[in-house]
>>> print(open('structure-v6.cif').read())   # mmCIF, C-alpha atoms
data_final
loop_
_atom_site.label_atom_id
_atom_site.label_comp_id
_atom_site.auth_asym_id
_atom_site.auth_seq_id
_atom_site.Cartn_x
_atom_site.Cartn_y
_atom_site.Cartn_z
CA SER A 214 -4.27 12.38 19.00
CA SER A 215 -0.59 12.74 18.19
CA ALA A 216 0.02 9.18 19.42
CA GLY A 217 -2.57 7.72 17.02
CA LEU A 218 -1.85 5.72 13.90
CA ARG A 219 -1.44 7.98 10.87
CA ILE A 220 0.29 8.44 7.54
CA LEU A 221 3.21 10.85 7.93
CA GLU A 222 2.41 14.03 6.01
CA ALA A 223 5.98 15.28 5.67
CA PRO A 224 8.01 14.54 3.78
CA ALA A 225 5.26 13.96 1.24
CA PHE A 226 4.67 10.24 0.69
CA ASN A 227 5.10 9.09 -2.90
CA CYS A 228 4.31 5.49 -3.82
CA SER A 229 4.98 5.91 -7.55
CA GLN A 230 7.75 3.79 -9.04
CA GLU A 231 9.23 3.31 -12.47
CA GLY A 232 6.31 2.40 -14.73
CA VAL A 233 3.66 2.83 -12.01
CA LEU A 234 1.80 6.04 -11.16
CA CYS A 235 0.45 5.65 -7.64
CA LYS A 236 -1.63 7.70 -5.21
CA VAL A 237 -1.96 7.03 -1.46
CA THR A 238 -5.18 7.77 0.41
CA ASN A 239 -6.45 7.14 3.92
CA PRO A 240 -10.14 6.24 3.48
CA PRO A 241 -12.46 6.14 6.51
CA SER A 242 -13.19 2.46 5.82
CA CYS A 243 -11.26 -0.41 4.26
CA LEU A 244 -14.35 -1.41 2.27
CA HIS A 245 -13.48 -0.08 -1.18
CA GLU A 246 -16.44 0.63 -3.49
CA SER A 247 -14.99 -1.67 -6.15
CA TRP A 248 -15.62 -4.64 -3.82
CA LEU A 249 -19.37 -4.12 -4.22
CA TRP A 250 -19.38 -5.09 -7.90
CA PRO A 251 -18.43 -8.38 -9.55
CA SER A 252 -15.06 -8.46 -11.30
CA ASN A 253 -13.89 -10.68 -14.13
CA TYR A 254 -10.32 -10.72 -12.80
CA THR A 255 -8.92 -10.98 -9.30
CA PRO A 256 -5.18 -10.40 -8.78
CA SER A 257 -3.25 -13.00 -6.82
CA ALA A 258 -2.06 -12.40 -3.27
CA PRO A 259 1.46 -11.02 -2.77
CA SER A 260 4.20 -13.63 -3.07
CA VAL A 261 6.28 -12.10 -0.24
CA VAL A 262 5.44 -9.64 2.56
CA ASP A 263 8.16 -8.25 4.85
CA VAL A 264 7.43 -5.95 7.81
CA GLY A 265 9.98 -4.04 9.85
CA TYR A 266 10.18 -0.83 11.83
CA ASN A 267 12.26 2.30 11.83
CA PHE A 268 12.13 5.86 13.14
CA SER A 269 11.38 8.92 11.00
CA ARG A 270 10.78 12.59 11.68
CA ASP A 271 7.24 13.85 11.26
CA GLY A 272 6.25 17.29 9.89
CA ASN A 273 7.19 18.89 13.23
CA GLY A 274 10.61 17.25 13.33
CA VAL A 275 9.60 14.84 16.10
CA LEU A 276 11.11 11.37 15.90
CA VAL A 277 8.26 8.81 15.61
CA PRO A 278 8.21 5.03 15.12
CA THR A 279 7.26 3.96 11.59
CA LEU A 280 6.43 0.67 9.92
CA GLU A 281 8.30 -0.38 6.81
CA ILE A 282 6.22 -2.77 4.75
CA GLU A 283 7.41 -4.28 1.50
CA TRP A 284 5.53 -6.71 -0.67
CA LYS A 285 6.19 -8.39 -3.98
CA VAL A 286 3.37 -9.08 -6.38
CA ALA A 287 2.93 -12.57 -7.78
CA THR A 288 4.49 -13.03 -11.23
CA ASP A 289 1.39 -14.35 -12.91
CA ALA A 290 -0.89 -12.71 -15.46
CA SER A 291 -3.14 -11.29 -12.72
CA VAL A 292 -0.66 -8.43 -12.21
CA LEU A 293 -1.82 -7.02 -15.56
CA PHE A 294 -5.20 -6.25 -13.96
CA LEU A 295 -3.93 -4.92 -10.63
CA GLN A 296 -5.54 -1.55 -9.87
CA GLY A 297 -4.15 -1.00 -6.40
CA ALA A 298 -3.44 -2.45 -3.00
CA GLN A 299 -4.98 -2.03 0.40
CA LEU A 300 -3.22 -2.22 3.72
CA LEU A 301 -4.88 -2.42 7.13
CA VAL A 302 -2.70 -1.72 10.17
CA LEU A 303 -4.09 -2.74 13.57
CA ARG A 304 -2.62 -1.58 16.88
CA VAL A 305 -3.57 -4.43 19.20
CA THR A 306 -3.16 -2.50 22.47
CA ASP A 307 -6.28 -0.41 21.78
CA ASN A 308 -7.69 -1.93 18.57
CA GLN A 309 -7.02 1.27 16.59
CA ARG A 310 -7.04 0.67 12.82
CA LEU A 311 -5.50 2.56 9.94
CA CYS A 312 -6.53 1.82 6.37
CA VAL A 313 -4.12 2.81 3.59
CA LEU A 314 -5.16 2.57 -0.05
CA PHE A 315 -2.61 2.55 -2.88
CA GLU A 316 -4.37 3.39 -6.15
CA PHE A 317 -2.46 2.64 -9.34
CA LYS A 318 -3.31 5.27 -11.93
CA ASN A 319 -2.15 3.12 -14.84
CA TYR A 320 -2.16 -0.60 -15.56
CA LEU A 321 1.04 -2.56 -15.32
CA THR A 322 1.96 -3.64 -18.82
CA GLU A 323 4.34 -6.47 -17.94
CA GLN A 324 4.69 -9.11 -15.25
CA LEU A 325 8.24 -8.01 -14.46
CA GLY A 326 9.43 -4.46 -13.84
CA PRO A 327 11.62 -2.51 -16.29
CA SER A 328 14.77 -3.86 -14.64
CA GLY A 329 13.54 -7.45 -15.00
CA THR A 330 12.66 -7.79 -11.32
CA ILE A 331 9.41 -8.71 -9.65
CA GLY A 332 7.26 -5.66 -8.86
CA ARG A 333 7.44 -4.38 -5.30
CA ALA A 334 6.07 -1.63 -3.12
CA HIS A 335 7.80 -0.18 -0.07
CA VAL A 336 5.90 2.01 2.39
#
>>> encode(input="structure-v6.cif", output="structure tokens")
Amino acid sequence: SSAGLRILEAPAFNCSQEGVLCKVTNPPSCLHESWLWPSNYTPSAPSVVDVGYNFSRDGNGVLVPTLEIEWKVATDASVLFLQGAQLLVLRVTDNQRLCVLFEFKNYLTEQLGPSGTIGRAHV
């Protein structure tokens, strides 16, 4: 349905940032396969999460409401093992869910970004 939750296809979404190669996918479930196996390291929760809204044009030029979500990773050593982030959006009026997976294709090599700031993602 055109009114359903979705990732806008156009313009193409790019989550890569300076020093981070990133790929966005929309898996059918928010249960990532990596959760099924024990891990030696678990990254900390984000230190800040901000959510807002805006309007953007979709691939057909139609103005649609969009969420703007920004988070900052914690500045502890766990960021060095961060492999991605997962976001679950729930529309409470009909319980529709959208899972968005951000896969980092390379490890972060420092706790702070190249400009000396805390790492952030904006979607």
>>> residues_around(input="structure-v6.cif", residues="A:Ser260", least_positions_apart="6", cutoff="8 Å", atoms="all atoms listed in the file", output="JSON, numbers by chain")
{"A": [284, 285, 286, 287]}
>>> residues_around(input="structure-v6.cif", residues="A:Leu280", least_positions_apart="3", cutoff="8 Å", atoms="all atoms listed in the file", output="PyMOL selection string")
chain A and resi 264-267+336
>>> residues_around(input="structure-v6.cif", residues="A:Thr255", least_positions_apart="2", cutoff="12 Å", atoms="only C-alpha atoms", output="mmCIF file with C-alpha atoms, keeping the file's coordinate frame")
data_model
loop_
_atom_site.group_PDB
_atom_site.id
_atom_site.type_symbol
_atom_site.label_atom_id
_atom_site.label_comp_id
_atom_site.auth_asym_id
_atom_site.auth_seq_id
_atom_site.Cartn_x
_atom_site.Cartn_y
_atom_site.Cartn_z
ATOM 1 C CA SER A 247 -14.990 -1.670 -6.150
ATOM 2 C CA TRP A 248 -15.620 -4.640 -3.820
ATOM 3 C CA PRO A 251 -18.430 -8.380 -9.550
ATOM 4 C CA SER A 252 -15.060 -8.460 -11.300
ATOM 5 C CA ASN A 253 -13.890 -10.680 -14.130
ATOM 6 C CA SER A 257 -3.250 -13.000 -6.820
ATOM 7 C CA ALA A 258 -2.060 -12.400 -3.270
ATOM 8 C CA ASP A 289 1.390 -14.350 -12.910
ATOM 9 C CA ALA A 290 -0.890 -12.710 -15.460
ATOM 10 C CA SER A 291 -3.140 -11.290 -12.720
ATOM 11 C CA VAL A 292 -0.660 -8.430 -12.210
ATOM 12 C CA LEU A 293 -1.820 -7.020 -15.560
ATOM 13 C CA PHE A 294 -5.200 -6.250 -13.960
ATOM 14 C CA LEU A 295 -3.930 -4.920 -10.630
ATOM 15 C CA GLN A 296 -5.540 -1.550 -9.870
ATOM 16 C CA GLY A 297 -4.150 -1.000 -6.400
ATOM 17 C CA ALA A 298 -3.440 -2.450 -3.000
#
>>> residues_around(input="structure-v6.cif", residues="A:Leu221", least_positions_apart="2", cutoff="12 Å", atoms="all atoms listed in the file", output="compact mmCIF listing (two decimals) with C-alpha atoms, in the frame of the given file")
# COMPACT_ATOMS: atom_id res chain seq x y z
CA SER A 215 -0.59 12.74 18.19
CA GLY A 217 -2.57 7.72 17.02
CA LEU A 218 -1.85 5.72 13.90
CA ARG A 219 -1.44 7.98 10.87
CA ALA A 223 5.98 15.28 5.67
CA PRO A 224 8.01 14.54 3.78
CA ALA A 225 5.26 13.96 1.24
CA PHE A 226 4.67 10.24 0.69
CA ASN A 227 5.10 9.09 -2.90
CA VAL A 237 -1.96 7.03 -1.46
CA THR A 238 -5.18 7.77 0.41
CA ASN A 239 -6.45 7.14 3.92
CA PHE A 268 12.13 5.86 13.14
CA SER A 269 11.38 8.92 11.00
CA ARG A 270 10.78 12.59 11.68
CA ASP A 271 7.24 13.85 11.26
CA GLY A 272 6.25 17.29 9.89
CA ASN A 273 7.19 18.89 13.23
CA GLY A 274 10.61 17.25 13.33
CA VAL A 275 9.60 14.84 16.10
CA LEU A 276 11.11 11.37 15.90
CA VAL A 277 8.26 8.81 15.61
CA PRO A 278 8.21 5.03 15.12
CA THR A 279 7.26 3.96 11.59
CA LEU A 280 6.43 0.67 9.92
CA VAL A 313 -4.12 2.81 3.59
CA VAL A 336 5.90 2.01 2.39
>>> atom_distance(input="structure-v6.cif", atom1="atom CA of A:Ile220", atom2="atom CA of A:Glu246")
21.5 Å
>>> residues_near_point(input="structure-v6.cif", point="(5.5, -10.7, 5.2)", cutoff="8 Å", atoms="all atoms listed in the file", output="PDB file with C-alpha atoms, in the coordinates of the input")
ATOM      1  CA  VAL A 261       6.280 -12.100  -0.240  1.00  0.00           C
ATOM      2  CA  VAL A 262       5.440  -9.640   2.560  1.00  0.00           C
ATOM      3  CA  ASP A 263       8.160  -8.250   4.850  1.00  0.00           C
ATOM      4  CA  VAL A 264       7.430  -5.950   7.810  1.00  0.00           C
ATOM      5  CA  ILE A 282       6.220  -2.770   4.750  1.00  0.00           C
ATOM      6  CA  GLU A 283       7.410  -4.280   1.500  1.00  0.00           C
ATOM      7  CA  TRP A 284       5.530  -6.710  -0.670  1.00  0.00           C
TER       8      TRP A 284
END
>>> closest_residue(input="structure-v6.cif", among="A:Pro256, A:Pro240, A:Gly232, A:Leu249", to="A:Arg310", atoms="all atoms listed in the file")
A:Pro240
>>> atom_distance(input="structure-v6.cif", atom1="atom CA of A:Pro241", atom2="atom CA of A:Val305")
18.8 Å
>>> decode(input="structure-v6.cif", residues="stretch 290-318 of chain A", atoms="N, CA and C atoms", output="PDB file, in the first residue's frame")
ATOM      1  N   ALA A 290      34.883   2.265  24.530  1.00  0.00           N
ATOM      2  CA  ALA A 290      35.617   1.368  23.629  1.00  0.00           C
ATOM      3  C   ALA A 290      34.695   0.436  22.846  1.00  0.00           C
ATOM      4  N   SER A 291      33.434   0.286  23.258  1.00  0.00           N
ATOM      5  CA  SER A 291      32.540  -0.627  22.547  1.00  0.00           C
ATOM      6  C   SER A 291      32.303  -0.199  21.103  1.00  0.00           C
ATOM      7  N   VAL A 292      32.469   1.083  20.802  1.00  0.00           N
ATOM      8  CA  VAL A 292      32.248   1.564  19.438  1.00  0.00           C
ATOM      9  C   VAL A 292      33.224   0.902  18.459  1.00  0.00           C
ATOM     10  N   LEU A 293      34.364   0.451  18.950  1.00  0.00           N
ATOM     11  CA  LEU A 293      35.354  -0.187  18.086  1.00  0.00           C
ATOM     12  C   LEU A 293      34.872  -1.535  17.558  1.00  0.00           C
ATOM     13  N   PHE A 294      33.814  -2.087  18.160  1.00  0.00           N
ATOM     14  CA  PHE A 294      33.284  -3.387  17.744  1.00  0.00           C
ATOM     15  C   PHE A 294      31.896  -3.273  17.128  1.00  0.00           C
ATOM     16  N   LEU A 295      31.450  -2.060  16.909  1.00  0.00           N
ATOM     17  CA  LEU A 295      30.110  -1.820  16.367  1.00  0.00           C
ATOM     18  C   LEU A 295      30.053  -2.268  14.909  1.00  0.00           C
ATOM     19  N   GLN A 296      29.126  -3.160  14.589  1.00  0.00           N
ATOM     20  CA  GLN A 296      28.998  -3.679  13.230  1.00  0.00           C
ATOM     21  C   GLN A 296      27.765  -3.135  12.511  1.00  0.00           C
ATOM     22  N   GLY A 297      26.918  -2.429  13.240  1.00  0.00           N
ATOM     23  CA  GLY A 297      25.722  -1.894  12.615  1.00  0.00           C
ATOM     24  C   GLY A 297      24.749  -1.388  13.655  1.00  0.00           C
ATOM     25  N   ALA A 298      23.585  -1.026  13.181  1.00  0.00           N
ATOM     26  CA  ALA A 298      22.519  -0.563  14.056  1.00  0.00           C
ATOM     27  C   ALA A 298      21.198  -1.025  13.460  1.00  0.00           C
ATOM     28  N   GLN A 299      20.235  -1.193  14.327  1.00  0.00           N
ATOM     29  CA  GLN A 299      18.928  -1.659  13.901  1.00  0.00           C
ATOM     30  C   GLN A 299      17.881  -0.706  14.438  1.00  0.00           C
ATOM     31  N   LEU A 300      16.913  -0.402  13.617  1.00  0.00           N
ATOM     32  CA  LEU A 300      15.874   0.549  13.975  1.00  0.00           C
ATOM     33  C   LEU A 300      14.522  -0.084  13.674  1.00  0.00           C
ATOM     34  N   LEU A 301      13.643  -0.077  14.655  1.00  0.00           N
ATOM     35  CA  LEU A 301      12.289  -0.590  14.458  1.00  0.00           C
ATOM     36  C   LEU A 301      11.324   0.571  14.616  1.00  0.00           C
ATOM     37  N   VAL A 302      10.542   0.839  13.566  1.00  0.00           N
ATOM     38  CA  VAL A 302       9.540   1.896  13.592  1.00  0.00           C
ATOM     39  C   VAL A 302       8.176   1.222  13.689  1.00  0.00           C
ATOM     40  N   LEU A 303       7.371   1.670  14.650  1.00  0.00           N
ATOM     41  CA  LEU A 303       6.036   1.106  14.856  1.00  0.00           C
ATOM     42  C   LEU A 303       4.991   2.195  14.670  1.00  0.00           C
ATOM     43  N   ARG A 304       4.041   1.957  13.782  1.00  0.00           N
ATOM     44  CA  ARG A 304       2.903   2.876  13.617  1.00  0.00           C
ATOM     45  C   ARG A 304       1.793   2.349  14.522  1.00  0.00           C
ATOM     46  N   VAL A 305       1.502   3.077  15.590  1.00  0.00           N
ATOM     47  CA  VAL A 305       0.597   2.574  16.620  1.00  0.00           C
ATOM     48  C   VAL A 305      -0.858   2.490  16.165  1.00  0.00           C
ATOM     49  N   THR A 306      -1.262   3.249  15.164  1.00  0.00           N
ATOM     50  CA  THR A 306      -2.668   3.215  14.741  1.00  0.00           C
ATOM     51  C   THR A 306      -3.083   1.858  14.188  1.00  0.00           C
ATOM     52  N   ASP A 307      -2.150   1.137  13.556  1.00  0.00           N
ATOM     53  CA  ASP A 307      -2.491  -0.179  13.005  1.00  0.00           C
ATOM     54  C   ASP A 307      -1.426  -1.241  13.304  1.00  0.00           C
ATOM     55  N   ASN A 308      -0.473  -0.909  14.170  1.00  0.00           N
ATOM     56  CA  ASN A 308       0.571  -1.841  14.597  1.00  0.00           C
ATOM     57  C   ASN A 308       1.499  -2.272  13.450  1.00  0.00           C
ATOM     58  N   GLN A 309       1.573  -1.485  12.377  1.00  0.00           N
ATOM     59  CA  GLN A 309       2.485  -1.810  11.282  1.00  0.00           C
ATOM     60  C   GLN A 309       3.912  -1.524  11.718  1.00  0.00           C
ATOM     61  N   ARG A 310       4.834  -2.418  11.386  1.00  0.00           N
ATOM     62  CA  ARG A 310       6.235  -2.286  11.783  1.00  0.00           C
ATOM     63  C   ARG A 310       7.129  -2.220  10.550  1.00  0.00           C
ATOM     64  N   LEU A 311       8.201  -1.462  10.695  1.00  0.00           N
ATOM     65  CA  LEU A 311       9.217  -1.371   9.656  1.00  0.00           C
ATOM     66  C   LEU A 311      10.569  -1.554  10.328  1.00  0.00           C
ATOM     67  N   CYS A 312      11.310  -2.538   9.877  1.00  0.00           N
ATOM     68  CA  CYS A 312      12.645  -2.787  10.417  1.00  0.00           C
ATOM     69  C   CYS A 312      13.674  -2.241   9.418  1.00  0.00           C
ATOM     70  N   VAL A 313      14.616  -1.466   9.916  1.00  0.00           N
ATOM     71  CA  VAL A 313      15.677  -0.913   9.082  1.00  0.00           C
ATOM     72  C   VAL A 313      17.003  -1.330   9.695  1.00  0.00           C
ATOM     73  N   LEU A 314      17.856  -1.926   8.882  1.00  0.00           N
ATOM     74  CA  LEU A 314      19.152  -2.408   9.349  1.00  0.00           C
ATOM     75  C   LEU A 314      20.259  -1.593   8.681  1.00  0.00           C
ATOM     76  N   PHE A 315      21.138  -1.021   9.491  1.00  0.00           N
ATOM     77  CA  PHE A 315      22.301  -0.283   9.004  1.00  0.00           C
ATOM     78  C   PHE A 315      23.509  -1.182   9.239  1.00  0.00           C
ATOM     79  N   GLU A 316      24.104  -1.682   8.165  1.00  0.00           N
ATOM     80  CA  GLU A 316      25.269  -2.557   8.286  1.00  0.00           C
ATOM     81  C   GLU A 316      26.531  -1.761   7.977  1.00  0.00           C
ATOM     82  N   PHE A 317      27.442  -1.722   8.934  1.00  0.00           N
ATOM     83  CA  PHE A 317      28.710  -1.036   8.727  1.00  0.00           C
ATOM     84  C   PHE A 317      29.675  -2.012   8.071  1.00  0.00           C
ATOM     85  N   LYS A 318      30.200  -1.637   6.924  1.00  0.00           N
ATOM     86  CA  LYS A 318      31.055  -2.521   6.143  1.00  0.00           C
ATOM     87  C   LYS A 318      32.516  -2.475   6.589  1.00  0.00           C
TER      88      LYS A 318
END
